[in-house]
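Input: a single structure, listed below in structure tokens.
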Amino acid sequence: MKRTLVTAAITILAIMQTTAAAINITRIDPTDWYAGMKNPQLQLMVYGEGIAQANVTTDYPSAAIDSVVRLDSPNYLLVYLNLNGAQPGEMNLRFTIGKKKRDVKYVLKRREKAGAQRTGFSNADVLYMLMPDRFASGNADNDQIKGMRTYVNDRTQPSLRHGGDLEGIRQHLDYFNQLGVTALWFTPVLENNSPDNNGFSTYHGYATTDYYKVDPRFGTNEEYKRLIEEAHQHGLKVVMDMIFNHCGFEHPWVADQPSADWFNLPEWLKESNGTSNPTGTSFLQTSYKLTPVVDPYASQVDLKETVQGWFVPTMPDLNQRNTHVMTYLIQNSIWWIETVGIDGIRMDTYPYADEEGMARWMKILDQEYPNFNTVGETWVTEPAYTATWQKDSKIAKRNSYLKTVMDFSFYDKINQAKDEETDPWWKGFNRIYNSLVYDYLYPNPASVMAFIENHDTDRFLGNGTDTLALKQALALLLTINRTPQLYYGTEVLMNGTKEVTDGNVRKDFPGGFPGDKKNCFTAEGRTKAENDMFDWCSRILHWRQGNDVVTKGKQIQFIPYNGIYVVARQYAGRTVMTIINGTKQAAEMDVKRYAEVIGSTTTARDITANRSVRLDKSIRLRPRQTMVLDF
């Protein structure tokens, strides 16, 4: 009996020693990969205490380890594989430290389709932007997730989480079809595991803490994929919001930096004892001024503040000049395309990141997915600036390979024009005319995304309900040579301003949450004014679908005359004329001035009112009236 106990004790001790001595691997990014990519290189980021000591081998057919990179932290290892010719299957990776060995199974998946078969959004689409936390809640079980850093759901607080999720969006796919939009852009859905702080939270999604995981308060990776698949069945594309410029403070990289140059200017973190409190430290925040990136006279101090300064103390600024960082981010975007089937990417804070690194990303993406599309946030209101960032720009220092840029000039000018009378020179809709005249700067004006508002701006209606101005803005947005983007709820007159908090322009969609007394998803739940606006939008949006005149037509604009602004599109013998009375007085439009686009046509259909309009005599316009004529 005594010998048996001794033997058992020795066996248990051996097991304990083996366990204690085992090579520790806590995760590998990407979690899996795909065979048959044009670029055969794969970077694996391996996490685990002391893992940097490991050597790595594999005997998987046609897979070779090109290099192993040991970073400053002993707890990360970068393994670069060459998968040229490797087939789908389960690859064995052997990690060795001295006499210790650990085998890890790594899956190479079969691609669902070739890269060229993935078609992104275009100017034939209308993107509908929404915030998952604020749109609709379809699953109460994910409102409070155990193990996540402290947070609350409180819909009375504009800057805390409200509980919207992916299931809530999925349950309302029919609504988007009724409205007539063709693509959905969600603000970021990836994990934002940051605690609430003094009434603020990361409900917005722009502080990523895991690049390979949907935030569990929104759902799971599988639910995200299901939502996209069902959106496709409804004829809807899905655009994923990504952020390469920064991550969230609670990302594992912050507490244990892989290398000294993984982040820009991280020295202050030692001064703050690893906290996000910059008080008394050398912390440098970005100036938010993007012009130094293209300014030929820019000082080094200005340029450094723009691209290396942190967005805010709680959003660490990633260093895209570090090739390993950029490779990680590039692979992440490819992984989401392959894994869930997104139809486009919207890249946040585009010019804040390293220009060369971002161009490398776009070039790789374009080579793998030539028909895919990415739009970059380029927040400067001058067309020359925006045009610099578009792919194949003739005025840029280097090619960005970024196909679509955001038209902040249009946003800025339309929001000034709405409060002005259109005069003979500069004010009112002269601002739009004088912005569009610079379209010659763009390699592809049709691939410029225009909008009148978004989650970072005041709503177009402000705190009011001026539907005349709203219809003018939307009519132009949906008919000019642009890719249009709408903001959720505008079609039912949602309003708000940022003067107190951003949360006031990100209110909950009425009817999206249990217990809502008002439901704007149904005609019965909307007021007469809301139904009038919804129907007006829906009529134009459905008319726009598949309309080659609007998406392919030549654009002709007329200098505002007697307060009237006219933009025409012509294609294959058809014409669309958008007519805007930019004054608060009734006006009369002399059709003779527009004979070059009207020709001998005598009647047209006004899409906005679904009625016939004569073109052989002057057109009388009510104050601030809008027409979209089709003939």
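Naming works like this for the structure tokens: A, B, ... for the chains as they're shown, residue 1 at the start of each chain, ligands 1 onward in shown order.
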For stretch 156-165 of chain A, list every protein, DNA or RNA residue within 10 Å, evaluated using only C-alpha atoms, and leave out those in the same chain fewer than 4 positions away; present the list as a PyMOL selection string. chain A and resi 131-140+142-144+151-152+169-170+189+196-204+215-219+224+500-509+512-513
Polymer residues at most 8 Å from A:Pro88, only C-alpha atoms, same-chain spacing of 6 or more positions, as an NGL selection string: :A and (34-35 or 107-110)
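Considering only C-alpha atoms, the residue among A:Tyr571, A:Tyr206, A:Trp336, A:Phe631 positioned nearest to A:Cys247 is A:Tyr206.
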Can you tell me, as a PDB file with C-alpha atoms, in the first residue's frame, what residues are no more than 10 Å from stretch 260-268 of chain A when counting only C-alpha atoms, ignoring any on the same chain fewer than 4 positions away?
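Okay, result02.pdb is ready:
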```pdb
ATOM      1  CA  LEU A  71      10.039  41.079 -30.632  1.00  0.00           C
ATOM      2  CA  ASP A  72      11.026  43.100 -27.570  1.00  0.00           C
ATOM      3  CA  SER A  73       8.446  41.404 -25.367  1.00  0.00           C
ATOM      4  CA  ASN A 245      -4.997  54.278 -36.853  1.00  0.00           C
ATOM      5  CA  HIS A 246      -5.639  53.274 -33.252  1.00  0.00           C
ATOM      6  CA  CYS A 247      -6.967  50.564 -30.977  1.00  0.00           C
ATOM      7  CA  TRP A 253      -0.834  45.067 -26.726  1.00  0.00           C
ATOM      8  CA  VAL A 254      -1.008  48.063 -24.388  1.00  0.00           C
ATOM      9  CA  SER A 272       1.557  57.379 -16.218  1.00  0.00           C
ATOM     10  CA  ASN A 273       2.367  53.940 -14.725  1.00  0.00           C
ATOM     11  CA  GLY A 274       0.527  52.260 -17.561  1.00  0.00           C
ATOM     12  CA  THR A 275      -2.711  54.178 -17.080  1.00  0.00           C
ATOM     13  CA  SER A 276      -4.606  56.255 -19.619  1.00  0.00           C
ATOM     14  CA  ASN A 277      -4.291  59.374 -17.451  1.00  0.00           C
ATOM     15  CA  PRO A 278      -1.953  61.745 -19.340  1.00  0.00           C
ATOM     16  CA  THR A 279      -1.758  64.356 -16.576  1.00  0.00           C
ATOM     17  CA  GLY A 280       1.819  65.392 -15.960  1.00  0.00           C
ATOM     18  CA  THR A 281       3.209  63.218 -18.744  1.00  0.00           C
ATOM     19  CA  SER A 282       4.729  63.855 -22.175  1.00  0.00           C
ATOM     20  CA  PHE A 283       1.530  62.649 -23.854  1.00  0.00           C
ATOM     21  CA  LEU A 284       0.989  64.135 -27.325  1.00  0.00           C
ATOM     22  CA  GLN A 285      -2.512  64.270 -28.747  1.00  0.00           C
ATOM     23  CA  LYS A 304       4.342  64.622 -36.136  1.00  0.00           C
ATOM     24  CA  VAL A 307       0.169  61.309 -37.657  1.00  0.00           C
ATOM     25  CA  GLN A 308       1.929  60.281 -34.448  1.00  0.00           C
ATOM     26  CA  GLY A 309      -0.117  62.082 -31.821  1.00  0.00           C
ATOM     27  CA  TRP A 310      -2.745  59.868 -30.227  1.00  0.00           C
ATOM     28  CA  PRO A 316      -3.376  54.106 -28.475  1.00  0.00           C
ATOM     29  CA  ASP A 317      -1.939  55.194 -31.796  1.00  0.00           C
ATOM     30  CA  LEU A 318      -0.661  52.242 -33.826  1.00  0.00           C
ATOM     31  CA  ASN A 319       2.593  52.663 -35.741  1.00  0.00           C
ATOM     32  CA  GLN A 320       1.903  51.635 -39.326  1.00  0.00           C
ATOM     33  CA  ARG A 321       5.555  52.334 -40.200  1.00  0.00           C
ATOM     34  CA  ASN A 322       6.303  49.107 -38.342  1.00  0.00           C
ATOM     35  CA  THR A 323       5.938  46.528 -41.115  1.00  0.00           C
ATOM     36  CA  HIS A 324       4.772  43.835 -38.675  1.00  0.00           C
ATOM     37  CA  VAL A 325       1.948  46.038 -37.372  1.00  0.00           C
ATOM     38  CA  MET A 326       0.813  46.827 -40.887  1.00  0.00           C
TER      39      MET A 326
END
```
Between A:Glu377, A:Ser612, A:Met129, A:Thr551, which one has atoms that come closest to A:Glu453, using only C-alpha atoms?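 So, comparing all the options, the nearest one is A:Met129.
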Which residues come within 8 Å of A:Asp458, counting only C-alpha atoms, excluding same-chain residues fewer than 3 positions away, as a PyMOL selection string? chain A and resi 453-455+462+496-498+505
Could you give me, as a ChimeraX atom specification, each residue of stretch 41-271 of chain A that DSSP assigns to strand (DSSP E or B) when run on this structure's backbone? /A:41-47,55-58,64-70,76-82,89-97,100-109,127-130,153,161,183-186,190-191,197,200,210-214,237-242,246,263
Which neighbours of A:Met358 fall inside 9 Å, counting only C-alpha atoms, when residues of the same chain fewer than 6 positions from it are skipped, and could you give them as a PDB file with C-alpha atoms, in the first residue's frame?
```
ATOM      1  CA  PHE A 244      -6.101  51.007 -38.426  1.00  0.00           C
ATOM      2  CA  GLN A 320       1.903  51.635 -39.326  1.00  0.00           C
ATOM      3  CA  MET A 326       0.813  46.827 -40.887  1.00  0.00           C
ATOM      4  CA  ILE A 330      -3.790  43.995 -43.619  1.00  0.00           C
ATOM      5  CA  TYR A 350      -7.608  57.503 -42.883  1.00  0.00           C
ATOM      6  CA  PRO A 351      -4.994  60.304 -43.193  1.00  0.00           C
ATOM      7  CA  SER A 400      -2.974  55.761 -52.293  1.00  0.00           C
ATOM      8  CA  TYR A 401      -4.818  52.993 -54.207  1.00  0.00           C
ATOM      9  CA  LEU A 402      -7.897  54.098 -52.218  1.00  0.00           C
TER      10      LEU A 402
END
```
Residue neighbourhood A:Phe95, 12 Å, only C-alpha atoms, exclusion window fewer than 3 positions, as an MDAnalysis selection string: chainID A and resid 22:25 46 48 50:58 68 77 79 92 98:105
Identify all residues of stretch 417-540 of chain A in helix (DSSP H, G or I) (DSSP on the backbone) and supply them as a ChimeraX atom specification. /A:417,430-441,445-447,467-477,490-492,502-505,528-540
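Straight-line separation from atom CA of A:Phe460 to atom CA of A:Gln390: 26.3 Å.
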Shortest interatomic distance to A:Met533 - which of A:Ser194, A:Pro370, A:Leu179, A:Asp412, counting only C-alpha atoms: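 Going through A:Ser194, A:Pro370, A:Leu179, A:Asp412 one by one, the smallest distance to A:Met533 is for A:Leu179.
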Calculate how many Å separate atom CA of A:Ser259 from atom CA of A:Arg70, rounding to one decimal.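 Between atom CA of A:Ser259 and atom CA of A:Arg70 the gap works out to 9.3 Å.
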Nearest to A:Gln545 by atom-to-atom distance, counting only C-alpha atoms, from A:Met627, A:Leu478, A:Val340, A:Ala255: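 Ranking A:Met627, A:Leu478, A:Val340, A:Ala255 by distance to A:Gln545, first place goes to A:Leu478.
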Between atom CA of A:Leu42 and atom CA of A:Met362, what is the spacing in Å?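 According to the coordinates, atom CA of A:Met362 and atom CA of A:Leu42 are separated by 17.2 Å.
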Could you name the residues that touch A:Val380 at 10 Å or less, counting only C-alpha atoms, but leaving out those on the same chain fewer than 2 positions away, as JSON, numbers by chain? {"A": [289, 290, 291, 377, 378, 382, 383, 384, 385, 386, 406, 407, 408, 409, 412]}
Residues of the last selection are to be written out with C-alpha atoms, as a PDB file, in the first residue's frame.
```
ATOM      1  CA  LYS A 289      -5.410  68.976 -38.533  1.00  0.00           C
ATOM      2  CA  LEU A 290      -4.909  66.765 -41.555  1.00  0.00           C
ATOM      3  CA  THR A 291      -3.407  69.305 -43.943  1.00  0.00           C
ATOM      4  CA  GLU A 377     -12.586  59.059 -44.058  1.00  0.00           C
ATOM      5  CA  THR A 378     -10.687  62.139 -45.282  1.00  0.00           C
ATOM      6  CA  GLU A 382     -11.505  71.284 -49.762  1.00  0.00           C
ATOM      7  CA  PRO A 383     -11.921  69.145 -52.935  1.00  0.00           C
ATOM      8  CA  ALA A 384      -8.214  69.338 -53.729  1.00  0.00           C
ATOM      9  CA  TYR A 385      -7.396  67.648 -50.437  1.00  0.00           C
ATOM     10  CA  THR A 386      -9.948  64.887 -50.909  1.00  0.00           C
ATOM     11  CA  MET A 406     -15.572  60.917 -48.495  1.00  0.00           C
ATOM     12  CA  ASP A 407     -16.875  64.231 -49.833  1.00  0.00           C
ATOM     13  CA  PHE A 408     -16.624  66.529 -46.838  1.00  0.00           C
ATOM     14  CA  SER A 409     -16.810  69.492 -49.188  1.00  0.00           C
ATOM     15  CA  ASP A 412     -19.874  71.373 -45.554  1.00  0.00           C
TER      16      ASP A 412
END
```
Pick the closest to A:Arg459 from A:Asp295, A:Glu223, A:Glu499, A:Glu167: which is it, counting only C-alpha atoms? A:Glu499
